[in-house]
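See below for the structure under consideration.
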Amino acid sequence: MTATARLHLGFLDLNGGLGRQFGSLGLTIDGFATRLTAERADGFSAEGIDAERALAYARTFAAARGLTGGAHLQLVETIPDHAGLGSGTQLALAVGTALERLLAPTADGEAWDSRAIARALGRGQRSGIGVGAFDQGGFLVDCGRGAPHHDRGHVPPVVMRFPFPADWRLLLLFDPCGSGLHGEREVRAFDALPVFPDATVGSLCRLLLMQLVPGLIEGRLPPVADAIGQIQRAVGSHFAPVQGGCFASPAVSAALDWAAEQGFVGSGQSSWGPTGFVLVADPDQARWLELGLKARFGALSALRYRVVAGRNQGATVDLLAATRRTMQES
């Protein structure tokens, strides 16, 4: 089982005045992945990177699904935690999907899909981008979370999905000295935010529909980059009181400002950060920008860089697990 990372590129409606709140846009990327294998066992166990977290997800899912038996999980690789790359959701969905394929009875009706697995494991409560990235990849937009009496905790549905141009790249900027908000701190941060203005919601939705989406369809970088940059700065300014600035990491923020001065306006922070990103036209431009940032901020800077591409495919599942289960049950 392999599930790749995603960038969360911002919210569209933090106001919720029309009955739905949040609404997200994001991009599935290569370069970082959670990889695991699962085999039947007498109980649940796990080894490798982030094994305890995976084991907790396995036990929670088994209880929710009513699974009998157990499984041993081998974590080969995981997406870095609390960096804004969607590590928790991808690990939860990878574990839940592996157990669904390996242990769920074949004659009890409909199999649980990714949305059901996410709900059982407490993922996707504000954004459907992580589930969309797991299912299909590409550039994704969800329509937000409805009122509790309407959606009963369902994952926000993905309403738009576009392939990401193959030549385009993103330069990721990592600050190893920081960590994005998560858990109870994240909940308190959302509760402490001021009211998001209606006028800003309208502006962001217009940027998405009338500039960003057409730019993606037509393969034109400038309108896409400009729209993403504007959305990022509007949302970042709103979050500034709870994360210490428009972006969480001062080092990343300074680097993004310098990149903008060079004409790279499609930049921002993924989720709560501290990871930043800059959208560029091709690998050569990404390397040029990386070298420029290293020259500008010097060898003593804590920032680290990675060039990644968009990924237009969701998670991949090794059919060996399903085959093994079928053979054992026959």
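Ordering of the structure tokens sets the chain letters (A, B, ...); residue numbers start at 1 within each chain; ligands are numbered from 1 in the order shown.
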Fewer than 3 positions away in the same chain doesn't count, so skip those; otherwise give me all residues within 9 Å of Gly16 of chain A, counting only C-alpha atoms, as a PDB file with N, CA, C and O atoms, in the first residue's frame.
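That gives us out.pdb:
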ATOM      1  N   ASP A  13     -14.059  29.370   2.269  1.00  0.00           N
ATOM      2  CA  ASP A  13     -15.151  29.991   3.023  1.00  0.00           C
ATOM      3  C   ASP A  13     -15.067  29.605   4.494  1.00  0.00           C
ATOM      4  O   ASP A  13     -15.638  28.605   4.923  1.00  0.00           O
ATOM      5  N   GLY A  19     -24.306  27.970   5.083  1.00  0.00           N
ATOM      6  CA  GLY A  19     -24.595  26.639   5.605  1.00  0.00           C
ATOM      7  C   GLY A  19     -23.481  25.630   5.422  1.00  0.00           C
ATOM      8  O   GLY A  19     -23.565  24.513   5.947  1.00  0.00           O
ATOM      9  N   ARG A  20     -22.445  25.980   4.658  1.00  0.00           N
ATOM     10  CA  ARG A  20     -21.283  25.115   4.518  1.00  0.00           C
ATOM     11  C   ARG A  20     -20.043  25.927   4.870  1.00  0.00           C
ATOM     12  O   ARG A  20     -19.953  27.108   4.509  1.00  0.00           O
ATOM     13  N   GLN A  21     -19.111  25.287   5.558  1.00  0.00           N
ATOM     14  CA  GLN A  21     -17.911  25.999   5.999  1.00  0.00           C
ATOM     15  C   GLN A  21     -16.653  25.319   5.483  1.00  0.00           C
ATOM     16  O   GLN A  21     -16.646  24.122   5.229  1.00  0.00           O
ATOM     17  N   PHE A  22     -15.626  26.103   5.343  1.00  0.00           N
ATOM     18  CA  PHE A  22     -14.289  25.713   4.895  1.00  0.00           C
ATOM     19  C   PHE A  22     -14.230  25.675   3.363  1.00  0.00           C
ATOM     20  O   PHE A  22     -14.071  26.716   2.765  1.00  0.00           O
ATOM     21  N   GLY A 144     -16.628  21.879   1.220  1.00  0.00           N
ATOM     22  CA  GLY A 144     -16.761  22.215   2.629  1.00  0.00           C
ATOM     23  C   GLY A 144     -17.666  21.298   3.417  1.00  0.00           C
ATOM     24  O   GLY A 144     -18.293  20.382   2.895  1.00  0.00           O
ATOM     25  N   ARG A 145     -17.732  21.590   4.690  1.00  0.00           N
ATOM     26  CA  ARG A 145     -18.509  20.790   5.632  1.00  0.00           C
ATOM     27  C   ARG A 145     -19.864  21.434   5.859  1.00  0.00           C
ATOM     28  O   ARG A 145     -19.962  22.639   6.113  1.00  0.00           O
ATOM     29  N   GLY A 146     -20.908  20.623   5.774  1.00  0.00           N
ATOM     30  CA  GLY A 146     -22.246  21.128   6.028  1.00  0.00           C
ATOM     31  C   GLY A 146     -22.542  21.199   7.514  1.00  0.00           C
ATOM     32  O   GLY A 146     -21.736  20.795   8.363  1.00  0.00           O
ATOM     33  N   PHE A 196     -14.695  35.550   9.355  1.00  0.00           N
ATOM     34  CA  PHE A 196     -14.134  35.715   8.015  1.00  0.00           C
ATOM     35  C   PHE A 196     -15.105  36.555   7.189  1.00  0.00           C
ATOM     36  O   PHE A 196     -16.289  36.205   7.065  1.00  0.00           O
TER      37      PHE A 196
END
Can you tell me which residues surround Asn312 of chain A at a distance of at most 12 Å, considering only C-alpha atoms, apart from same-chain residues fewer than 6 positions away, and format the answer as a PyMOL selection string? chain A and resi 4-6+27-30+132-140+161-166
Could you write out, as a PDB file with C-alpha atoms, in the first residue's frame, all the residues of segment 241-320 of chain A that DSSP marks as strand (DSSP E or B)?
ATOM      1  CA  SER A 267       3.600  30.659  -3.246  1.00  0.00           C
ATOM      2  CA  GLY A 268       2.324  29.984   0.226  1.00  0.00           C
ATOM      3  CA  GLN A 269       2.092  27.505   3.078  1.00  0.00           C
ATOM      4  CA  GLY A 276       6.123  26.464   2.222  1.00  0.00           C
ATOM      5  CA  PHE A 277       5.887  26.055  -1.539  1.00  0.00           C
ATOM      6  CA  VAL A 278       6.540  27.983  -4.744  1.00  0.00           C
ATOM      7  CA  LEU A 279       4.864  27.028  -8.025  1.00  0.00           C
ATOM      8  CA  VAL A 280       7.196  27.147 -11.046  1.00  0.00           C
ATOM      9  CA  ARG A 304      15.774  22.700   3.344  1.00  0.00           C
ATOM     10  CA  TYR A 305      14.389  22.300  -0.159  1.00  0.00           C
ATOM     11  CA  ARG A 306      12.758  19.634  -2.323  1.00  0.00           C
ATOM     12  CA  VAL A 307      11.479  19.859  -5.900  1.00  0.00           C
ATOM     13  CA  VAL A 308       8.296  17.835  -6.472  1.00  0.00           C
ATOM     14  CA  ALA A 309       5.752  17.323  -9.239  1.00  0.00           C
ATOM     15  CA  GLY A 310       2.012  16.996  -9.043  1.00  0.00           C
ATOM     16  CA  THR A 316      -1.846   2.178  -5.004  1.00  0.00           C
TER      17      THR A 316
END
Atom CA of Pro250 of chain A sits from atom CA of Phe174 of chain A at a separation of 11.5 Å
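For the residues A:Arg119, A:Arg296, A:Arg126, A:Arg220, ranking by smallest atom-to-atom distance to Thr60 of chain A using only C-alpha atoms places A:Arg119 first.
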List as a PyMOL selection string the protein and nucleic acid residues near Gln90 of chain A, meaning an atom at most 10 Å away when only C-alpha atoms are counted, but skip any in the same chain fewer than 6 places from it. chain A and resi 2-6+33-35+78-79+96+118+123+130-131+133-134+315
Give me, please, the distance in Å between atom CA of Gln313 of chain A and atom CA of Gly128 of chain A, quoted to one decimal.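 So the answer is 16.0 Å.
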Excluding segment 70-76 of chain A and its own-chain neighbours fewer than 3 positions away, which residues fall within 6 Å of it when counting only C-alpha atoms? Please give them as an mmCIF file with N, CA and C atoms, in the first residue's frame.
data_model
loop_
_atom_site.group_PDB
_atom_site.id
_atom_site.type_symbol
_atom_site.label_atom_id
_atom_site.label_comp_id
_atom_site.auth_asym_id
_atom_site.auth_seq_id
_atom_site.Cartn_x
_atom_site.Cartn_y
_atom_site.Cartn_z
ATOM 1 N N ARG A 35 4.252 4.053 2.966
ATOM 2 C CA ARG A 35 4.251 2.716 2.374
ATOM 3 C C ARG A 35 4.174 1.693 3.508
ATOM 4 N N LEU A 36 3.248 0.759 3.378
ATOM 5 C CA LEU A 36 3.113 -0.277 4.393
ATOM 6 C C LEU A 36 2.632 -1.570 3.758
ATOM 7 N N THR A 37 2.879 -2.645 4.481
ATOM 8 C CA THR A 37 2.326 -3.940 4.115
ATOM 9 C C THR A 37 1.531 -4.465 5.303
ATOM 10 N N ALA A 38 0.565 -5.313 5.022
ATOM 11 C CA ALA A 38 -0.273 -5.892 6.077
ATOM 12 C C ALA A 38 -0.439 -7.379 5.823
ATOM 13 N N GLU A 39 -0.276 -8.179 6.867
ATOM 14 C CA GLU A 39 -0.468 -9.627 6.784
ATOM 15 C C GLU A 39 -1.337 -10.076 7.948
ATOM 16 N N ARG A 40 -2.130 -11.101 7.712
ATOM 17 C CA ARG A 40 -2.968 -11.651 8.777
ATOM 18 C C ARG A 40 -2.119 -12.124 9.951
ATOM 19 N N ALA A 41 -2.648 -11.935 11.152
ATOM 20 C CA ALA A 41 -1.970 -12.374 12.372
ATOM 21 C C ALA A 41 -3.029 -12.634 13.432
ATOM 22 N N ASP A 42 -2.603 -13.201 14.571
ATOM 23 C CA ASP A 42 -3.540 -13.506 15.646
ATOM 24 C C ASP A 42 -4.069 -12.242 16.319
ATOM 25 N N GLY A 43 -3.230 -11.234 16.430
ATOM 26 C CA GLY A 43 -3.636 -9.948 17.005
ATOM 27 C C GLY A 43 -3.096 -8.824 16.148
ATOM 28 N N PHE A 44 -3.201 -7.606 16.674
ATOM 29 C CA PHE A 44 -2.678 -6.458 15.926
ATOM 30 C C PHE A 44 -1.300 -6.075 16.442
ATOM 31 N N SER A 45 -0.391 -5.856 15.503
ATOM 32 C CA SER A 45 0.958 -5.407 15.839
ATOM 33 C C SER A 45 1.481 -4.580 14.683
ATOM 34 N N ALA A 46 2.519 -3.800 14.959
ATOM 35 C CA ALA A 46 3.108 -2.957 13.921
ATOM 36 C C ALA A 46 4.572 -2.728 14.232
ATOM 37 N N GLU A 47 5.357 -2.542 13.188
ATOM 38 C CA GLU A 47 6.765 -2.204 13.360
ATOM 39 C C GLU A 47 7.186 -1.248 12.257
ATOM 40 N N GLY A 48 8.230 -0.489 12.560
ATOM 41 C CA GLY A 48 8.731 0.471 11.595
ATOM 42 C C GLY A 48 8.383 1.894 11.988
ATOM 43 N N ILE A 49 8.543 2.808 11.039
ATOM 44 C CA ILE A 49 8.331 4.228 11.271
ATOM 45 C C ILE A 49 6.874 4.499 11.625
#
What's around segment 284-294 of chain A at 12 Å? Count only C-alpha atoms, leave out sequence neighbours fewer than 5 positions away in its own chain, and write the answer as a ChimeraX atom specification. /A:167-173,251-252,254-264,277-279,299-309
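Counting only C-alpha atoms and comparing A:Glu110, A:Asp226, A:Asp282, A:Asp175, the residue that lies closest to Ala83 of chain A is A:Asp175.
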Selected residue of minimal separation from Met160 of chain A among A:Val235, A:Ser24, A:Ser87, A:His8, counting only C-alpha atoms: A:Ser24
If we count only C-alpha atoms, what is near Gly245 of chain A at a cut-off of 8 Å, once residues fewer than 6 positions away on the same chain are taken out, given as a PyMOL selection string? chain A and resi 236-237+239
